[in-house]
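Following: one structure in C-alpha cells, then a few remarks.
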Amino acid sequence: METFVLNCYLFLCFSLILISDAEISSKIGINYGQLGNNLPAPNLAIEMMNSMRVGRVKLYDANHEILSNLSKTKFQVSIMIPNNEISGIANNQTRADQWILNNLLPFYPQTMIRFILVGNEVLSLDSDIDRQVWNDLVPAMRRIWSSLKANNLQIIRVGTPVAMDVLETTFPPSRGTFRSDIQRTVVAPMLDFLNETRSFFFANVYPYFAWAADPMNINLDFALFNGNFEQIDGGSGLVYTNLLDEMLDSLIFAMAKLGYPDIRLVISETGWPTAGDMEQPGANLLNAATYNRNLVKRITAKPTVGTPARPKVVIPTFIFSLFDENQKPGSGTERHWGLLSSDGSPNYQIDLTGKESSVEYDPLPVVENNMPFRGRLWCVAARGVDLMELGATVDDVCGRGDGTCEALSPGRECYEPVSVYWHASYAFSSYWSKFRSQGASCYFNGLAEQTTTDPNRKTNVLGERKSTPHSGDPKFHQEEVSRLEET
C-alpha cells in the first residue's frame, strides 16, 4: 500500500513538471575538464564544441579565460565553486558576495551562465573531504543564492552534483533511499532549498561503474541501451529497459520518500570509458560509442521519453567528458572518458543532435575485454618515462613510513641491482598490492603501468637483467606478487 500511495504521489506531480519543461532544452551538454598537460587552448576547445553542436558546457571551476571565450557562443554554461571553498562561503556572506563579484558578474550576461554548482560529489563516501564540509554544503548554497538575489540574478540556479553513493538502496528503483548518515542532516535541507528555489537535483550517474562492479549478473546490453532486455520493478510495477533509467528513478523515489516528488533532475555527468586498466572490464571504444550514441538518441528524442517514473519529462544531460585528461589520478578509466583525444581528434564518431543513424558510423575495433580479467598482474615502472621524475616518485612512495620499501634498503634482499627502474617497479608493486583494496591504483603520476609479465623474469627498460637473488626473493616474488593475483 505504501508503494502504491508513493506511485500515485509521483504521477500527480508530473503535470507540474511538464508545465515547466517548455523552458528546458534537451540539447546535449558536455563536461569540459582541464586535468591534462596536453589539451588544446580554450579558444580551440570551444571551436571544437561548436563544431560538435554542443548545447551546454559544464566547467569544474570558473576559469576566467574560458568564460571570456564562451561569451562568443550560445552555450548555456555551468560554473563550479571548488570543494575547498565551501566552508569559507558557508560561514561568511561576504565571501559568497566576493565570489559572485569575481567569477560571475564580469562575464554575465555575455556568457550565458545558467547554473552555479557548489562543489562536486561533496557527499561521496569515496571522497577525502572533511565531514564538516557536508554540514556546510547547504548553508553555502544558500549564501550563493542570497548573493544572486541581491544582484537580481535569480534566473541563475544553484545546485550541487552528487554521486550515486548518496543512496543507501538503489535496487529495485522503488526502494531507493538516501544514506542514513546524510538523509536528515544534509539531503532533506538540500531538497528543501532546491524545491524553494525551483532548482535541479544534479546527479553523476554512471551505468558503467554499476555494470563493471557486477558484470556477471548485470546484462551488458541493459547497461548500453541495446533494448533487448527488460526488468520489472516488483514494488512499482514499472518496466525498465536500461540501467540508466533504473538509477535515475531510484533517486526520484528516494526524493519522494522525503516529501519532494517533483524536483527536476539533471544528469551532471554520464558516459563510458574508452580504455582502462586490465582488470576494468568493458572499457573500450565500442562500448563507449554504443552507450553515448544511444544516450544521445534517448535524451534528444521527440517526443521526450523521460523515465518510467517520470515519462515525457526532459532531463538535461552532460556527457563526461570533452577530452581524455592525462593528469587525472586514479584507475586507468579516469583518463579515458573523452569524446575527443587530447589533440582534439575524435575517439569515435558521434552526432550530439541525435539525428544521425548508427549505420552511418565507421566500424570500431572488435571488443576483447568485456569479461573480467583472470590472471596475475604486476605494477611496474612504465617504459620511456623520465628517470628524474621516477626517482622523485620512488622517494615519495618509500618515504611514507608504511614499510612499502623496507626490502630496498642498503644491504637488504632487493637493494641490488641499484637501478631507478628496478627500485621503482618494486616500490610500485609493493605499494599497490598493500593498498589496492583501499583504492590505490597503478598510476603514480603516470609513471607506472600494469603488466602480466613477472618483472623478475624480464629485462628492464635500461637493458638490465634482474639478478638471480631477486627471482628467488620470497619477499617480492611470493608475498607481494601473489597478492596481485586476480580472483
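Ordered as shown in the C-alpha cells, chains take letters A, B, and onward, while each chain numbers its residues from 1 and ligands are numbered from 1 in the order shown.
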Legend entry - All residues 12 Å or closer to Asp362 (chain A), only C-alpha atoms, same chain fewer than 2 positions away omitted, as a PyMOL selection string: chain A and resi 286+289+347-350+357-360+364-365
Closest contacts (region 284-365 of chain A/region 155-174 of chain A, max 12 Å, only C-alpha atoms) as a Markdown table:
```
| residue | atom | partner | partner_atom | distance |
| --- | --- | --- | --- | --- |
| A:Thr307 | CA | A:Pro173 | CA | 11.3 |
| A:Pro308 | CA | A:Pro173 | CA | 10.2 |
| A:Ala309 | CA | A:Ser174 | CA | 9.2 |
| A:Phe318 | CA | A:Pro161 | CA | 11.6 |
```
Selection from above, N, CA and C atoms, as a tab-separated table (two decimals), in the first residue's frame, can you write it?
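Output file selection_4.tsv follows:
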```
chain	number	residue	atom	x	y	z
A	307	THR	N	11.73	8.93	-17.97
A	307	THR	CA	11.98	7.63	-17.34
A	307	THR	C	10.64	6.99	-17.01
A	308	PRO	N	10.61	5.70	-16.65
A	308	PRO	CA	9.34	5.08	-16.29
A	308	PRO	C	8.60	5.80	-15.16
A	309	ALA	N	9.33	6.33	-14.19
A	309	ALA	CA	8.67	7.04	-13.09
A	309	ALA	C	8.30	8.47	-13.47
A	318	PHE	N	24.66	16.09	-19.34
A	318	PHE	CA	26.04	16.45	-19.68
A	318	PHE	C	26.86	15.16	-19.81
```
Inset, instruction - Determine the nearest neighbour of Gly36 (chain A) from the options A:Tyr108, A:Phe323, A:Phe178, A:Phe209, counting only C-alpha atoms. - result: A:Phe323
Inset, instruction - Give the strand (DSSP E or B) residues of region 91-154 of chain A, as DSSP finds them on the backbone, and put them as a PyMOL selection string. - result: chain A and resi 113-118
Inset, instruction - If you run DSSP over the backbone, which residues in region 233-299 of chain A end up helix (DSSP H, G or I)? Put them as a ChimeraX atom specification. - result: /A:243-257,285-299
What lies within 10 Å of region 194-196 of chain A using only C-alpha atoms, ignoring chain neighbours under 3 positions off, as a PDB file with C-alpha atoms, in the first residue's frame?
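The file below, result15.pdb, is the result:
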```pdb
ATOM      1  CA  VAL A 138      23.558  23.686   2.110  1.00  0.00           C
ATOM      2  CA  MET A 141      24.309  27.090  -1.385  1.00  0.00           C
ATOM      3  CA  ARG A 142      22.018  29.492   0.470  1.00  0.00           C
ATOM      4  CA  ARG A 157      20.082  28.424 -10.331  1.00  0.00           C
ATOM      5  CA  VAL A 158      22.241  26.936  -7.580  1.00  0.00           C
ATOM      6  CA  GLY A 159      22.869  23.204  -7.205  1.00  0.00           C
ATOM      7  CA  THR A 160      25.480  20.608  -6.291  1.00  0.00           C
ATOM      8  CA  ALA A 188      16.498  16.892   3.380  1.00  0.00           C
ATOM      9  CA  PRO A 189      17.661  20.527   3.856  1.00  0.00           C
ATOM     10  CA  MET A 190      19.197  20.444   0.362  1.00  0.00           C
ATOM     11  CA  LEU A 191      15.964  19.204  -1.202  1.00  0.00           C
ATOM     12  CA  SER A 199      16.407  24.410  -8.925  1.00  0.00           C
ATOM     13  CA  PHE A 200      17.519  20.933 -10.015  1.00  0.00           C
ATOM     14  CA  PHE A 201      18.925  17.823  -8.375  1.00  0.00           C
ATOM     15  CA  TYR A 260       9.902  16.049  -2.637  1.00  0.00           C
ATOM     16  CA  PRO A 261       8.439  14.150  -5.610  1.00  0.00           C
ATOM     17  CA  ASP A 262       8.732  16.885  -8.240  1.00  0.00           C
ATOM     18  CA  ILE A 263      12.281  18.248  -8.026  1.00  0.00           C
ATOM     19  CA  ARG A 264      13.700  18.045 -11.533  1.00  0.00           C
TER      20      ARG A 264
END
```
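Proximity of A:Gln98, A:Asn204, A:Ser331, A:Thr353 to Glu269 (chain A), computed with only C-alpha atoms, is greatest for A:Asn204.
CA of Glu121 (chain A) to CA of Ala41 (chain A) spans 26.9 Å [interatomic distance, one decimal].
Ranking A:Phe225, A:Val367, A:Leu377, A:Glu325 by their shortest atom-to-atom distance to Asn284 (chain A), with only C-alpha atoms included, puts A:Val367 first.
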Against region 434-450 of chain A, which residues of region 309-425 of chain A fall within 7 Å? For each one I want the closest pair of atoms and the distance in Å (one decimal), counting only C-alpha atoms, rows by chain and increasing residue number, as JSON lines.
```
{"residue": "A:Gly330", "atom": "CA", "partner": "A:Ser441", "partner_atom": "CA", "distance": 5.6}
{"residue": "A:Ser331", "atom": "CA", "partner": "A:Ser441", "partner_atom": "CA", "distance": 5.2}
{"residue": "A:Leu377", "atom": "CA", "partner": "A:Gln450", "partner_atom": "CA", "distance": 6.5}
{"residue": "A:Trp378", "atom": "CA", "partner": "A:Gln450", "partner_atom": "CA", "distance": 5.6}
{"residue": "A:Cys379", "atom": "CA", "partner": "A:Gln450", "partner_atom": "CA", "distance": 4.6}
{"residue": "A:Val380", "atom": "CA", "partner": "A:Ala448", "partner_atom": "CA", "distance": 5.5}
{"residue": "A:Ala381", "atom": "CA", "partner": "A:Ala448", "partner_atom": "CA", "distance": 4.4}
{"residue": "A:Ala382", "atom": "CA", "partner": "A:Ala448", "partner_atom": "CA", "distance": 4.6}
{"residue": "A:Val385", "atom": "CA", "partner": "A:Leu447", "partner_atom": "CA", "distance": 6.3}
{"residue": "A:Leu390", "atom": "CA", "partner": "A:Leu447", "partner_atom": "CA", "distance": 6.7}
```
Selection from above, C-alpha atoms, as a compact mmCIF listing (two decimals), in the first residue's frame, can you write it?
```txt
# COMPACT_ATOMS: atom_id res chain seq x y z
CA GLY A 330 43.11 7.03 -10.02
CA SER A 331 42.45 3.93 -12.07
CA LEU A 377 49.03 -8.54 -12.65
CA TRP A 378 52.07 -6.53 -11.60
CA CYS A 379 52.50 -2.76 -11.36
CA VAL A 380 55.88 -1.67 -12.76
CA ALA A 381 57.63 1.50 -13.87
CA ALA A 382 56.42 2.48 -17.34
CA VAL A 385 59.50 7.74 -18.51
CA LEU A 390 60.75 8.32 -11.46
```
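CA of Ser87 (chain A) is found 22.3 Å from CA of Asn151 (chain A).
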